Amino acid sequence: MKKLLFLGDVVGAPGREILLRELPRLRAEHALDWVVVNGENSAGGSGVTRILADEFVKAGADVVTLGDHVWDQRGFEIEIATAPKICRPANLPAQCPGKTNIITTAPDGSRLLVFTVLGRQFMRQHVESPFDTADRLLRELAGQYDFALVEIHAEATSEKIALGWYLDGRAALVVGTHTHVATADTRVLPRGTAYQTDAGMCGPHEGVIGREVQPVLAAFLDGMPRRFPVAKSDCRLNGVLVTLGSDGLATAAERFELFDKS
Ligand SMILES: [Fe+2]
Ligand SMILES: [Fe+2]
């Protein structure tokens with residue numbers, strides 16, 4: 001039996017603080033074999049830097065994944081080229097720097113494959129089909145991993161659910177990110193793939209998907225552009241906790257939420 005914790009988008013300094021404070025304890029308390037964290041909003045709310053990702057790894061993350069904000073921090077396109085534990089969305093153009101996937105090995109030799117695909121519905125980037133990319137990576141890397149975690153970073157619930165069904169029986173976990181709101185549909189699909197449409201976010205929940213309420217609300221009211229500072233209060237860790245069997249699939253999955261007690 002193995003335990004895997006996936007945590008949704010880390011948002012800004014408040015998200016980083018609760019993650020760095022809680023992760024070492026969580027890792028021990030739940031006897032986690034692997035922790036995977038999406039860091040796409042960890043640097044000021046947009047993108048990530050090598051220094052921040054390295055802090056997550058030091059605190060107990062095995063892999064840091066990204067999303068549509070992958071290139072928001074200047075110079076990250078250079079930093080990512082040599083980062084061993086960060087992977088960029090796999091279905092971006094092949095010319096993009098960075099790893100498309102990471103295989104991370106537990107002390108007993110078990111191997112977890114991790115990759116992210118971006119959705120295509122209501123998303124800005126032009127990317128290869130997330131279905132085709134996931135299919136290709138799982139096939140190409142067959143034999144090199146024991147469990148697969150496929151993250152679908154997407155806006156549309158339907159696209160995420162469809163990918164869950166498409167990969168049922170082939171991945172241990174298919175989990176969505178990007179909306180920053182955890183969904184109440186955690187389940188293990190009939191062929192053994194754990195699934196949740198969105199993991200939610202690690203960051204301040206007294207806000208609008210991690211940003212302060214007032215500027216976002218004002219922008220909806222008058223349509224004028226303005227800055228959206230990262231919110232501060234009610235920080236939570238959101239994710240999915242999965243129990244893995246010996247057959248490469250999941251035996252149980254539950255929504256994970258930790259409130260800030262500090
Ligand atoms: Fe995000
Ligand atoms: Fe995103």
# chains A, B, ... in the order shown; residues from 1 in each chain; ligands from 1
>>> residues_around(residues="Gly207 (chain A)", least_positions_apart="2", cutoff="9 Å", atoms="only C-alpha atoms", output="number ranges by chain")
A: 204-205, 209-214, 216, 230-234
>>> write_last_selection(atoms="N, CA and C atoms", output="PDB file, in the first residue's frame")
ATOM      1  N   PRO A 204      -5.174  31.645   0.217  1.00  0.00           N
ATOM      2  CA  PRO A 204      -6.201  32.379   0.962  1.00  0.00           C
ATOM      3  C   PRO A 204      -7.599  32.229   0.361  1.00  0.00           C
ATOM      4  N   HIS A 205      -8.520  31.720   1.169  1.00  0.00           N
ATOM      5  CA  HIS A 205      -9.884  31.482   0.685  1.00  0.00           C
ATOM      6  C   HIS A 205     -10.828  32.663   0.937  1.00  0.00           C
ATOM      7  N   ILE A 209     -10.844  33.312  -5.848  1.00  0.00           N
ATOM      8  CA  ILE A 209      -9.842  32.336  -6.292  1.00  0.00           C
ATOM      9  C   ILE A 209      -8.410  32.772  -5.949  1.00  0.00           C
ATOM     10  N   GLY A 210      -8.258  33.326  -4.754  1.00  0.00           N
ATOM     11  CA  GLY A 210      -6.926  33.649  -4.239  1.00  0.00           C
ATOM     12  C   GLY A 210      -6.560  35.117  -4.298  1.00  0.00           C
ATOM     13  N   ARG A 211      -7.399  35.931  -4.943  1.00  0.00           N
ATOM     14  CA  ARG A 211      -7.130  37.374  -5.030  1.00  0.00           C
ATOM     15  C   ARG A 211      -8.087  38.141  -4.116  1.00  0.00           C
ATOM     16  N   GLU A 212      -7.687  39.384  -3.759  1.00  0.00           N
ATOM     17  CA  GLU A 212      -8.532  40.203  -2.890  1.00  0.00           C
ATOM     18  C   GLU A 212      -9.896  40.436  -3.536  1.00  0.00           C
ATOM     19  N   VAL A 213     -10.919  40.461  -2.720  1.00  0.00           N
ATOM     20  CA  VAL A 213     -12.291  40.559  -3.232  1.00  0.00           C
ATOM     21  C   VAL A 213     -12.539  41.883  -3.951  1.00  0.00           C
ATOM     22  N   GLN A 214     -12.175  43.001  -3.315  1.00  0.00           N
ATOM     23  CA  GLN A 214     -12.624  44.303  -3.823  1.00  0.00           C
ATOM     24  C   GLN A 214     -12.169  44.625  -5.244  1.00  0.00           C
ATOM     25  N   VAL A 216     -11.299  42.597  -7.648  1.00  0.00           N
ATOM     26  CA  VAL A 216     -11.922  41.674  -8.607  1.00  0.00           C
ATOM     27  C   VAL A 216     -13.379  42.065  -8.816  1.00  0.00           C
ATOM     28  N   VAL A 230      -2.866  39.404  -4.265  1.00  0.00           N
ATOM     29  CA  VAL A 230      -3.177  38.131  -3.619  1.00  0.00           C
ATOM     30  C   VAL A 230      -3.860  38.406  -2.277  1.00  0.00           C
ATOM     31  N   ALA A 231      -4.914  37.668  -1.985  1.00  0.00           N
ATOM     32  CA  ALA A 231      -5.639  37.821  -0.710  1.00  0.00           C
ATOM     33  C   ALA A 231      -4.770  37.311   0.441  1.00  0.00           C
ATOM     34  N   LYS A 232      -5.245  37.495   1.664  1.00  0.00           N
ATOM     35  CA  LYS A 232      -4.393  37.168   2.818  1.00  0.00           C
ATOM     36  C   LYS A 232      -4.983  36.133   3.768  1.00  0.00           C
ATOM     37  N   SER A 233      -6.306  36.138   3.928  1.00  0.00           N
ATOM     38  CA  SER A 233      -6.890  35.406   5.059  1.00  0.00           C
ATOM     39  C   SER A 233      -7.494  34.054   4.690  1.00  0.00           C
ATOM     40  N   ASP A 234      -7.737  33.284   5.742  1.00  0.00           N
ATOM     41  CA  ASP A 234      -8.373  31.973   5.643  1.00  0.00           C
ATOM     42  C   ASP A 234      -7.593  31.045   4.706  1.00  0.00           C
TER      43      ASP A 234
END
>>> select_by_dssp(residues="region 81-153 of chain A", states="helix (DSSP H, G or I)", output="count of residues only")
13
>>> residues_near_ligand(ligand="ligand 1", cutoff="10 Å", atoms="only C-alpha atoms and all ligand atoms", output="ChimeraX atom specification")
/A:8-11,38-42,45-47,66-70,153-154,177-181,200-202,209-210
>>> write_last_selection(atoms="N, CA and C atoms", output="compact mmCIF listing (two decimals), in the first residue's frame")
# COMPACT_ATOMS: atom_id res chain seq x y z
N GLY A 8 -3.37 21.20 -4.71
CA GLY A 8 -3.69 22.13 -5.80
C GLY A 8 -2.88 23.41 -5.73
N ASP A 9 -3.10 24.26 -6.72
CA ASP A 9 -2.33 25.48 -6.97
C ASP A 9 -1.97 26.26 -5.69
N VAL A 10 -0.68 26.43 -5.45
CA VAL A 10 -0.20 27.24 -4.32
C VAL A 10 -0.28 28.70 -4.75
N VAL A 11 -0.98 29.53 -3.96
CA VAL A 11 -1.19 30.93 -4.36
C VAL A 11 -0.43 31.88 -3.44
N ASN A 38 1.07 21.55 -7.18
CA ASN A 38 1.04 22.47 -8.30
C ASN A 38 1.48 23.85 -7.81
N GLY A 39 2.51 24.39 -8.42
CA GLY A 39 3.07 25.67 -7.98
C GLY A 39 2.84 26.82 -8.92
N GLU A 40 1.84 26.73 -9.81
CA GLU A 40 1.76 27.73 -10.90
C GLU A 40 1.44 29.15 -10.45
N ASN A 41 0.91 29.31 -9.24
CA ASN A 41 0.59 30.67 -8.77
C ASN A 41 1.39 31.05 -7.53
N SER A 42 2.49 30.37 -7.30
CA SER A 42 3.18 30.58 -6.02
C SER A 42 4.02 31.84 -5.96
N GLY A 45 1.39 35.14 -7.06
CA GLY A 45 0.10 34.77 -7.67
C GLY A 45 0.23 34.31 -9.12
N SER A 46 1.39 34.53 -9.74
CA SER A 46 1.54 34.18 -11.16
C SER A 46 2.89 33.54 -11.42
N GLY A 47 2.88 32.27 -11.71
CA GLY A 47 4.12 31.57 -12.05
C GLY A 47 4.88 31.10 -10.82
N LEU A 66 2.99 22.54 -12.97
CA LEU A 66 2.63 23.90 -13.38
C LEU A 66 1.36 23.89 -14.22
N GLY A 67 0.99 25.08 -14.70
CA GLY A 67 -0.22 25.18 -15.50
C GLY A 67 -0.07 26.26 -16.55
N ASP A 68 -1.17 26.96 -16.83
CA ASP A 68 -1.12 27.99 -17.88
C ASP A 68 -0.25 29.19 -17.49
N HIS A 69 0.05 29.35 -16.19
CA HIS A 69 0.92 30.46 -15.77
C HIS A 69 2.40 30.09 -15.76
N VAL A 70 2.73 29.00 -16.41
CA VAL A 70 4.09 28.45 -16.37
C VAL A 70 5.19 29.48 -16.66
N HIS A 153 -5.01 20.38 -16.10
CA HIS A 153 -5.10 21.79 -15.68
C HIS A 153 -6.04 22.48 -16.67
N ALA A 154 -7.28 22.64 -16.26
CA ALA A 154 -8.28 23.04 -17.24
C ALA A 154 -9.45 23.77 -16.60
N THR A 177 -6.89 20.73 -11.88
CA THR A 177 -6.47 21.95 -11.20
C THR A 177 -6.90 23.12 -12.07
N HIS A 178 -6.58 24.33 -11.64
CA HIS A 178 -6.77 25.60 -12.38
C HIS A 178 -7.95 26.42 -11.89
N THR A 179 -9.08 25.81 -11.49
CA THR A 179 -10.20 26.66 -11.08
C THR A 179 -10.02 27.18 -9.65
N HIS A 180 -9.14 26.54 -8.89
CA HIS A 180 -8.84 26.91 -7.50
C HIS A 180 -9.98 26.60 -6.54
N VAL A 181 -11.00 25.92 -7.00
CA VAL A 181 -12.13 25.56 -6.13
C VAL A 181 -12.27 24.04 -6.12
N GLY A 200 -8.69 22.08 -5.92
CA GLY A 200 -8.75 23.31 -5.13
C GLY A 200 -7.38 23.95 -5.07
N MET A 201 -7.21 24.90 -4.16
CA MET A 201 -5.92 25.61 -4.09
C MET A 201 -5.35 25.61 -2.68
N CYS A 202 -4.06 25.88 -2.61
CA CYS A 202 -3.39 26.08 -1.33
C CYS A 202 -3.15 27.58 -1.22
N ILE A 209 -10.84 33.31 -5.85
CA ILE A 209 -9.84 32.34 -6.29
C ILE A 209 -8.41 32.77 -5.95
N GLY A 210 -8.26 33.33 -4.75
CA GLY A 210 -6.93 33.65 -4.24
C GLY A 210 -6.56 35.12 -4.30
>>> residues_around(residues="Ala250 (chain A)", least_positions_apart="3", cutoff="10 Å", atoms="only C-alpha atoms", output="list of chain:residue names")
A:Met1, A:Lys2, A:Lys3, A:Leu4, A:Phe147, A:Gly169, A:Ala171, A:Ala172, A:Leu173, A:Arg187, A:Val188, A:Leu189, A:Arg191, A:Gly192, A:Thr193, A:Ala194, A:Tyr195, A:Val242, A:Thr243, A:Leu244, A:Gly245, A:Ser246, A:Asp247, A:Ala253
>>> closest_residue(among="A:Ala13, A:Pro93, A:Val35, A:His126", to="Leu149 (chain A)", atoms="only C-alpha atoms")
A:Val35
>>> closest_residue(among="A:Leu5, A:Ile86, A:Leu138, A:Ile152", to="ligand 2", atoms="only C-alpha atoms and all ligand atoms")
A:Ile152
>>> residues_around(residues="Ser129 (chain A)", least_positions_apart="2", cutoff="10 Å", atoms="only C-alpha atoms", output="PDB file with N, CA and C atoms, in the first residue's frame")
ATOM      1  N   ASN A  91       1.651  19.094 -22.848  1.00  0.00           N
ATOM      2  CA  ASN A  91       1.153  19.304 -24.215  1.00  0.00           C
ATOM      3  C   ASN A  91       1.407  20.700 -24.762  1.00  0.00           C
ATOM      4  N   LEU A  92       2.308  21.451 -24.120  1.00  0.00           N
ATOM      5  CA  LEU A  92       2.803  22.693 -24.729  1.00  0.00           C
ATOM      6  C   LEU A  92       3.634  22.304 -25.956  1.00  0.00           C
ATOM      7  N   VAL A 117      -1.379  17.937 -18.132  1.00  0.00           N
ATOM      8  CA  VAL A 117      -1.807  18.381 -19.464  1.00  0.00           C
ATOM      9  C   VAL A 117      -2.745  19.570 -19.294  1.00  0.00           C
ATOM     10  N   LEU A 118      -2.636  20.530 -20.203  1.00  0.00           N
ATOM     11  CA  LEU A 118      -3.543  21.676 -20.193  1.00  0.00           C
ATOM     12  C   LEU A 118      -4.795  21.324 -20.983  1.00  0.00           C
ATOM     13  N   GLY A 119      -5.927  21.812 -20.495  1.00  0.00           N
ATOM     14  CA  GLY A 119      -7.164  21.637 -21.248  1.00  0.00           C
ATOM     15  C   GLY A 119      -7.213  22.612 -22.415  1.00  0.00           C
ATOM     16  N   ARG A 120      -8.183  22.400 -23.304  1.00  0.00           N
ATOM     17  CA  ARG A 120      -8.303  23.284 -24.477  1.00  0.00           C
ATOM     18  C   ARG A 120      -9.596  24.088 -24.490  1.00  0.00           C
ATOM     19  N   HIS A 126      -2.567  27.538 -27.106  1.00  0.00           N
ATOM     20  CA  HIS A 126      -2.839  26.577 -28.169  1.00  0.00           C
ATOM     21  C   HIS A 126      -1.979  25.356 -27.894  1.00  0.00           C
ATOM     22  N   VAL A 127      -2.607  24.272 -27.531  1.00  0.00           N
ATOM     23  CA  VAL A 127      -1.837  23.083 -27.150  1.00  0.00           C
ATOM     24  C   VAL A 127      -2.363  21.841 -27.858  1.00  0.00           C
ATOM     25  N   PHE A 131      -5.879  14.660 -24.371  1.00  0.00           N
ATOM     26  CA  PHE A 131      -6.189  13.222 -24.450  1.00  0.00           C
ATOM     27  C   PHE A 131      -5.064  12.491 -25.188  1.00  0.00           C
ATOM     28  N   ASP A 132      -4.666  13.051 -26.332  1.00  0.00           N
ATOM     29  CA  ASP A 132      -3.606  12.408 -27.130  1.00  0.00           C
ATOM     30  C   ASP A 132      -2.269  12.428 -26.381  1.00  0.00           C
ATOM     31  N   THR A 133      -1.973  13.556 -25.720  1.00  0.00           N
ATOM     32  CA  THR A 133      -0.692  13.670 -25.005  1.00  0.00           C
ATOM     33  C   THR A 133      -0.631  12.667 -23.859  1.00  0.00           C
ATOM     34  N   ALA A 134      -1.714  12.581 -23.093  1.00  0.00           N
ATOM     35  CA  ALA A 134      -1.725  11.648 -21.957  1.00  0.00           C
ATOM     36  C   ALA A 134      -1.593  10.213 -22.460  1.00  0.00           C
ATOM     37  N   ASP A 135      -2.326   9.899 -23.494  1.00  0.00           N
ATOM     38  CA  ASP A 135      -2.289   8.567 -24.084  1.00  0.00           C
ATOM     39  C   ASP A 135      -0.864   8.222 -24.535  1.00  0.00           C
TER      40      ASP A 135
END
>>> select_by_dssp(residues="region 20-179 of chain A", states="strand (DSSP E)", output="PyMOL selection string")
chain A and resi 34-38+63-65+86-87+102-105+111-118+147-153+173-177
>>> write_last_selection(atoms="N, CA and C atoms", output="compact mmCIF listing (two decimals), in the first residue's frame")
# COMPACT_ATOMS: atom_id res chain seq x y z
N TRP A 34 4.40 9.81 -1.52
CA TRP A 34 4.66 10.86 -2.50
C TRP A 34 3.78 12.08 -2.25
N VAL A 35 4.35 13.23 -2.50
CA VAL A 35 3.59 14.48 -2.47
C VAL A 35 3.88 15.24 -3.76
N VAL A 36 2.82 15.61 -4.44
CA VAL A 36 2.95 16.39 -5.68
C VAL A 36 2.17 17.69 -5.48
N VAL A 37 2.80 18.81 -5.83
CA VAL A 37 2.23 20.13 -5.58
C VAL A 37 2.21 20.94 -6.87
N ASN A 38 1.07 21.55 -7.18
CA ASN A 38 1.04 22.47 -8.30
C ASN A 38 1.48 23.85 -7.81
N VAL A 63 7.47 16.35 -6.51
CA VAL A 63 7.38 16.96 -7.83
C VAL A 63 6.57 18.25 -7.72
N VAL A 64 6.99 19.29 -8.44
CA VAL A 64 6.23 20.53 -8.54
C VAL A 64 5.72 20.64 -9.98
N THR A 65 4.41 20.74 -10.13
CA THR A 65 3.82 20.85 -11.46
C THR A 65 3.39 22.29 -11.73
N ILE A 86 10.79 19.84 -11.34
CA ILE A 86 9.70 20.67 -11.84
C ILE A 86 9.34 20.19 -13.24
N CYS A 87 8.04 20.01 -13.50
CA CYS A 87 7.68 19.74 -14.90
C CYS A 87 6.64 20.72 -15.38
N ILE A 102 7.91 13.64 -14.95
CA ILE A 102 8.93 13.23 -13.99
C ILE A 102 8.54 11.86 -13.44
N ILE A 103 9.51 10.98 -13.34
CA ILE A 103 9.29 9.70 -12.65
C ILE A 103 10.07 9.77 -11.35
N THR A 104 9.34 9.69 -10.24
CA THR A 104 9.97 9.84 -8.93
C THR A 104 9.88 8.50 -8.18
N THR A 105 10.98 8.10 -7.58
CA THR A 105 11.09 6.76 -6.99
C THR A 105 11.05 6.82 -5.47
N ARG A 111 7.88 3.39 -8.46
CA ARG A 111 8.06 4.57 -9.31
C ARG A 111 6.72 5.23 -9.65
N LEU A 112 6.66 6.52 -9.42
CA LEU A 112 5.45 7.31 -9.75
C LEU A 112 5.76 8.23 -10.92
N LEU A 113 4.97 8.08 -11.97
CA LEU A 113 5.06 8.99 -13.12
C LEU A 113 4.11 10.15 -12.88
N VAL A 114 4.59 11.37 -13.11
CA VAL A 114 3.76 12.57 -12.92
C VAL A 114 3.84 13.44 -14.18
N PHE A 115 2.69 13.81 -14.69
CA PHE A 115 2.69 14.86 -15.72
C PHE A 115 1.37 15.61 -15.71
N THR A 116 1.41 16.80 -16.30
CA THR A 116 0.24 17.69 -16.38
C THR A 116 -0.10 17.93 -17.84
N VAL A 117 -1.38 17.94 -18.13
CA VAL A 117 -1.81 18.38 -19.46
C VAL A 117 -2.74 19.57 -19.29
N LEU A 118 -2.64 20.53 -20.20
CA LEU A 118 -3.54 21.68 -20.19
C LEU A 118 -4.80 21.32 -20.98
N PHE A 147 3.07 3.58 -11.01
CA PHE A 147 1.83 4.34 -10.82
C PHE A 147 1.92 5.61 -11.68
N ALA A 148 0.78 6.08 -12.15
CA ALA A 148 0.78 7.33 -12.92
C ALA A 148 -0.19 8.32 -12.32
N LEU A 149 0.27 9.56 -12.19
CA LEU A 149 -0.58 10.67 -11.76
C LEU A 149 -0.70 11.62 -12.94
N VAL A 150 -1.91 11.79 -13.43
CA VAL A 150 -2.14 12.70 -14.55
C VAL A 150 -2.95 13.88 -14.04
N GLU A 151 -2.38 15.06 -14.17
CA GLU A 151 -3.06 16.29 -13.75
C GLU A 151 -3.63 16.96 -14.99
N ILE A 152 -4.91 17.31 -14.93
CA ILE A 152 -5.52 18.04 -16.05
C ILE A 152 -5.81 19.46 -15.59
N HIS A 153 -5.01 20.38 -16.10
CA HIS A 153 -5.10 21.79 -15.68
C HIS A 153 -6.04 22.48 -16.67
N LEU A 173 -4.21 8.15 -10.53
CA LEU A 173 -4.97 9.35 -10.18
C LEU A 173 -5.06 10.28 -11.39
N VAL A 174 -6.26 10.73 -11.68
CA VAL A 174 -6.47 11.84 -12.61
C VAL A 174 -7.10 12.94 -11.77
N VAL A 175 -6.42 14.08 -11.72
CA VAL A 175 -6.89 15.17 -10.86
C VAL A 175 -6.83 16.49 -11.62
N GLY A 176 -7.89 17.28 -11.43
CA GLY A 176 -7.94 18.58 -12.09
C GLY A 176 -7.38 19.68 -11.21
N THR A 177 -6.89 20.73 -11.88
CA THR A 177 -6.47 21.95 -11.20
C THR A 177 -6.90 23.12 -12.07
>>> atom_distance(atom1="CA of Glu79 (chain A)", atom2="CA of Arg50 (chain A)")
6.0 Å
>>> closest_residue(among="A:Gln125, A:Ser158, A:Thr183, A:Thr251", to="ligand 2", atoms="only C-alpha atoms and all ligand atoms")
A:Gln125
>>> closest_residue(among="A:Glu17, A:Glu155, A:Asp146, A:Asp260", to="ligand 2", atoms="only C-alpha atoms and all ligand atoms")
A:Glu155
>>> closest_residue(among="A:Glu22, A:Glu55, A:Asp198, A:Glu257", to="ligand 2", atoms="only C-alpha atoms and all ligand atoms")
A:Asp198
>>> atom_distance(atom1="CA of Ala61 (chain A)", atom2="CA of Arg124 (chain A)")
28.4 Å
